[in-house]
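Novice: Here it is, the structure, as structure tokens.
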Amino acid sequence: WDTMNNAKLVVRGGFGIFYDQPLPTYWQVPGRGVPPFVYQASITNAAFPNAAANLDFSKPPTSKSQLRSLDYTGTPYVMQYNLNLQSQLTRSTALTVGYLGSQSRKLIISAPVNVNHWIFLPNGQKCYPSTAAGAACPGPQPGVLNPTWSNDTQSSTAGNANYNALIASVSQTLHGGLRVQGSYTFSKTMSYSDTVFGADFTSDASAGLTDPYNAALDRGLAGYNLKSSFNVNFTYDLPFKASGWAGKFVEGWQASGIGKVQSGIPFGVSTAVNPGDGLVTGGISGGPTYRPDLRPGFSNNPVTGTSAGCGAIASGTPIGTPDLYFDPCAFSQPALGLYGNLGRHTLIGPDFTDVDFSFLRTTRIRERMSLQFRAEGFNILNHPNFSN
């Protein structure tokens, strides 16, 4: 919408629905591992050269089978939308501000679903009775929901995610030899899980959902969330002039640069051990990694200041450094049979800062031939950038 009919204040908006093309592997993986057509087993000290020589195929297997199943209720899709306002500030400068977002639905996520039976404690907490849990989670130990099978790692279209962002950009076309463009994005991406099969690349959900019957427990920042991102780039044609041979050396120089500063990406805290206390375990892709409890009065993102001190970590130890990035003393081992209360992806990794610069000159030798001198420097501030 050209609000003033002179192209100096324009409103733009859009909405679209886009469907995924499901990969064949979504069906191949569960389909190729369904008994009785396929049955995987391990044989110890197998006969050579015929490993199956001593097996009696007329008898049923003595071990319970693992399953890889798929609950597919529709095609994954995403709804995308945006609304922005663009204004011409001067003849060569334009400003854009706006909002953009998306809602993803029926995303494929996975979880081991043949878990142990559970009970609810008087305070509403979900508890899994076991010998290890004992009095912390009283009750019978009935075993898994379906004793016919061992584990069932199920993929399903039960996932969703959303993205919301505020954006702003300023661009200046060539004016006085200078071109500049800068942009800033403030955004948030939420999800239940970030992968279909295998491990979450942020390392805190190695088999999809932590609790397959409470997806909300894993709702948190996506592993690729970027809260803030600032980018600027420029080119400047240096205004040096000269005549004759001197002009071949002082004219035609150009400087350019790119700068980027952005927030770190999220990652999660996990307990040091799997307690083996009745919580969901196993699955063909492995059991989930358990999150700890957050101690009262502590931040769920303790990456600044000093440590409260615990164990071998002295009180007052600086955190947010390569030696100790977050304070493990903010967390504690949850009671046996209970999931920890810490959310998914609460820690934010190190920021990223980079400035690149180039200096060049193009000299025309003939009509169809030129020679370019170019010097480039990457991360010229020598700023250290650490991965999670």
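So you can find residues: chains in the structure tokens are A, B, ... in the order shown, residues in each start at 1, and ligands are numbered from 1 in order.
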Report as a list in words all protein, DNA and RNA residues lying within 7 Å of Phe267 (chain A), evaluated on only C-alpha atoms, omitting residues in the same chain fewer than 4 positions from it.
Specialist: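 So, after excluding close chain neighbours, the residues are Thr202, Gly223, His345, Thr346, Leu347, Ile348 and Gly349 of chain A.
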Novice: Per DSSP on the backbone, what are the strand (DSSP E or B) residues of region 100-278 of chain A, as JSON, numbers by chain?
Specialist: {"A": [100, 101, 102, 103, 104, 105, 106, 107, 108, 109, 110, 111, 112, 116, 119, 120, 126, 127, 144, 152, 153, 154, 155, 156, 157, 158, 159, 160, 161, 162, 163, 164, 165, 166, 167, 168, 169, 170, 171, 172, 173, 174, 175, 178, 179, 180, 181, 182, 183, 184, 185, 186, 187, 188, 189, 190, 191, 220, 221, 228, 229, 230, 231, 232, 233, 234, 235, 236, 237, 253, 254, 255, 256, 257, 258, 259, 260, 261, 262, 266, 267]}
Novice: What's the 6 Å shell around Gln86 (chain A), counting only C-alpha atoms, without same-chain residues fewer than 2 positions away, as a list in words?
Specialist: Leu9, Val10, Leu95 and Thr96 of chain A
Novice: List as a PyMOL selection string the protein and nucleic acid residues near region 252-264 of chain A, meaning an atom at most 9 Å away when only C-alpha atoms are counted, but skip any in the same chain fewer than 4 places from it.
Specialist: chain A and resi 225-241+247-248+348-363+387-388
Novice: Just to be explicit: take each residue in the selection above, keep C-alpha atoms, and write the result as a PDB file, in the first residue's frame.
Specialist:
```pdb
ATOM      1  CA  ASN A 225      17.146 -19.424  18.382  1.00  0.00           C
ATOM      2  CA  LEU A 226      18.951 -16.086  17.984  1.00  0.00           C
ATOM      3  CA  LYS A 227      17.641 -13.379  20.284  1.00  0.00           C
ATOM      4  CA  SER A 228      19.517 -10.469  18.735  1.00  0.00           C
ATOM      5  CA  SER A 229      21.388 -10.067  15.490  1.00  0.00           C
ATOM      6  CA  PHE A 230      22.995  -6.849  14.212  1.00  0.00           C
ATOM      7  CA  ASN A 231      24.647  -6.659  10.794  1.00  0.00           C
ATOM      8  CA  VAL A 232      26.215  -3.737   8.956  1.00  0.00           C
ATOM      9  CA  ASN A 233      28.124  -3.513   5.685  1.00  0.00           C
ATOM     10  CA  PHE A 234      29.584  -0.639   3.709  1.00  0.00           C
ATOM     11  CA  THR A 235      31.655   0.254   0.685  1.00  0.00           C
ATOM     12  CA  TYR A 236      33.459   3.563   0.294  1.00  0.00           C
ATOM     13  CA  ASP A 237      35.014   4.830  -2.915  1.00  0.00           C
ATOM     14  CA  LEU A 238      37.975   6.859  -1.663  1.00  0.00           C
ATOM     15  CA  PRO A 239      37.881  10.403  -3.099  1.00  0.00           C
ATOM     16  CA  PHE A 240      41.537  10.587  -4.192  1.00  0.00           C
ATOM     17  CA  LYS A 241      42.076  12.294  -7.547  1.00  0.00           C
ATOM     18  CA  GLY A 247      46.186   8.997 -11.218  1.00  0.00           C
ATOM     19  CA  LYS A 248      46.878   5.346 -11.975  1.00  0.00           C
ATOM     20  CA  ILE A 348      22.574 -19.155  26.234  1.00  0.00           C
ATOM     21  CA  GLY A 349      25.965 -19.739  24.663  1.00  0.00           C
ATOM     22  CA  PRO A 350      28.674 -17.151  23.986  1.00  0.00           C
ATOM     23  CA  ASP A 351      27.948 -14.154  21.782  1.00  0.00           C
ATOM     24  CA  PHE A 352      29.436 -13.959  18.304  1.00  0.00           C
ATOM     25  CA  THR A 353      31.298 -10.881  17.058  1.00  0.00           C
ATOM     26  CA  ASP A 354      33.106 -10.546  13.746  1.00  0.00           C
ATOM     27  CA  VAL A 355      34.415  -7.638  11.678  1.00  0.00           C
ATOM     28  CA  ASP A 356      35.872  -8.197   8.194  1.00  0.00           C
ATOM     29  CA  PHE A 357      37.588  -5.500   6.139  1.00  0.00           C
ATOM     30  CA  SER A 358      38.891  -5.254   2.594  1.00  0.00           C
ATOM     31  CA  PHE A 359      40.917  -2.692   0.674  1.00  0.00           C
ATOM     32  CA  LEU A 360      41.105  -2.874  -3.102  1.00  0.00           C
ATOM     33  CA  ARG A 361      41.973  -1.035  -6.285  1.00  0.00           C
ATOM     34  CA  THR A 362      41.013  -1.893  -9.834  1.00  0.00           C
ATOM     35  CA  THR A 363      43.265  -0.721 -12.663  1.00  0.00           C
ATOM     36  CA  SER A 387      31.164 -22.552  20.328  1.00  0.00           C
ATOM     37  CA  ASN A 388      28.765 -24.020  22.859  1.00  0.00           C
TER      38      ASN A 388
END
```
Novice: Would you mind listing what lies within 10 Å of region 27-30 of chain A as a PyMOL selection string, with only C-alpha atoms counted and same-chain residues fewer than 3 positions away left out?
Specialist: chain A and resi 22-24+33-34+67-70+72+152-155+197
Novice: Wanna dump the region 172-264 of chain A-region 111-133 of chain A contacts at 8 Å for me, each residue with its shortest atom pair and the distance in Å to one decimal, counting only C-alpha atoms, ordered by chain and number, as a tab-separated table?
Specialist:
```
residue	atom	partner	partner_atom	distance
A:Ala207	CA	A:Ala111	CA	5.7
A:Gly208	CA	A:Ala111	CA	4.9
A:Leu209	CA	A:Ala111	CA	5.1
A:Thr210	CA	A:Ala111	CA	7.4
A:Asp211	CA	A:Ala111	CA	7.7
A:Pro212	CA	A:Ala111	CA	5.6
A:Tyr213	CA	A:Val113	CA	7.8
```
Novice: Among region 218-329 of chain A, which residues carry a DSSP assignment of helix (DSSP H, G or I), reported as JSON, numbers by chain?
Specialist: {"A": [218, 244, 245, 246, 247, 248, 249, 250, 328, 329]}
Novice: Next, write the just-selected residues to a file, as a compact mmCIF listing (two decimals), in the first residue's frame, keeping N, CA, C and O atoms as the atom set.
Specialist:
```txt
# COMPACT_ATOMS: atom_id res chain seq x y z
N ASP A 218 8.99 -30.20 27.42
CA ASP A 218 10.13 -29.86 26.59
C ASP A 218 9.93 -28.58 25.78
O ASP A 218 10.79 -28.25 24.96
N GLY A 244 47.38 12.15 -15.00
CA GLY A 244 48.57 11.51 -15.53
C GLY A 244 48.86 10.17 -14.87
O GLY A 244 47.96 9.46 -14.43
N TRP A 245 50.16 9.87 -14.80
CA TRP A 245 50.57 8.59 -14.20
C TRP A 245 50.22 8.51 -12.72
O TRP A 245 49.96 7.43 -12.19
N ALA A 246 50.19 9.65 -12.05
CA ALA A 246 49.86 9.63 -10.62
C ALA A 246 48.44 9.12 -10.40
O ALA A 246 48.14 8.44 -9.40
N GLY A 247 47.56 9.44 -11.35
CA GLY A 247 46.19 9.00 -11.22
C GLY A 247 46.04 7.49 -11.23
O GLY A 247 45.10 6.94 -10.64
N LYS A 248 46.95 6.80 -11.93
CA LYS A 248 46.88 5.35 -11.98
C LYS A 248 47.17 4.71 -10.62
O LYS A 248 46.88 3.54 -10.39
N PHE A 249 47.79 5.47 -9.71
CA PHE A 249 48.14 4.92 -8.40
C PHE A 249 47.22 5.39 -7.29
O PHE A 249 47.00 4.68 -6.31
N VAL A 250 46.67 6.61 -7.40
CA VAL A 250 45.89 7.14 -6.28
C VAL A 250 44.39 7.07 -6.50
O VAL A 250 43.62 7.17 -5.54
N PRO A 328 27.51 -24.60 37.60
CA PRO A 328 26.80 -25.86 37.87
C PRO A 328 26.20 -25.90 39.27
O PRO A 328 25.33 -26.74 39.54
N CYS A 329 26.63 -25.00 40.14
CA CYS A 329 26.11 -24.98 41.51
C CYS A 329 24.68 -24.45 41.57
O CYS A 329 24.05 -24.49 42.63
```
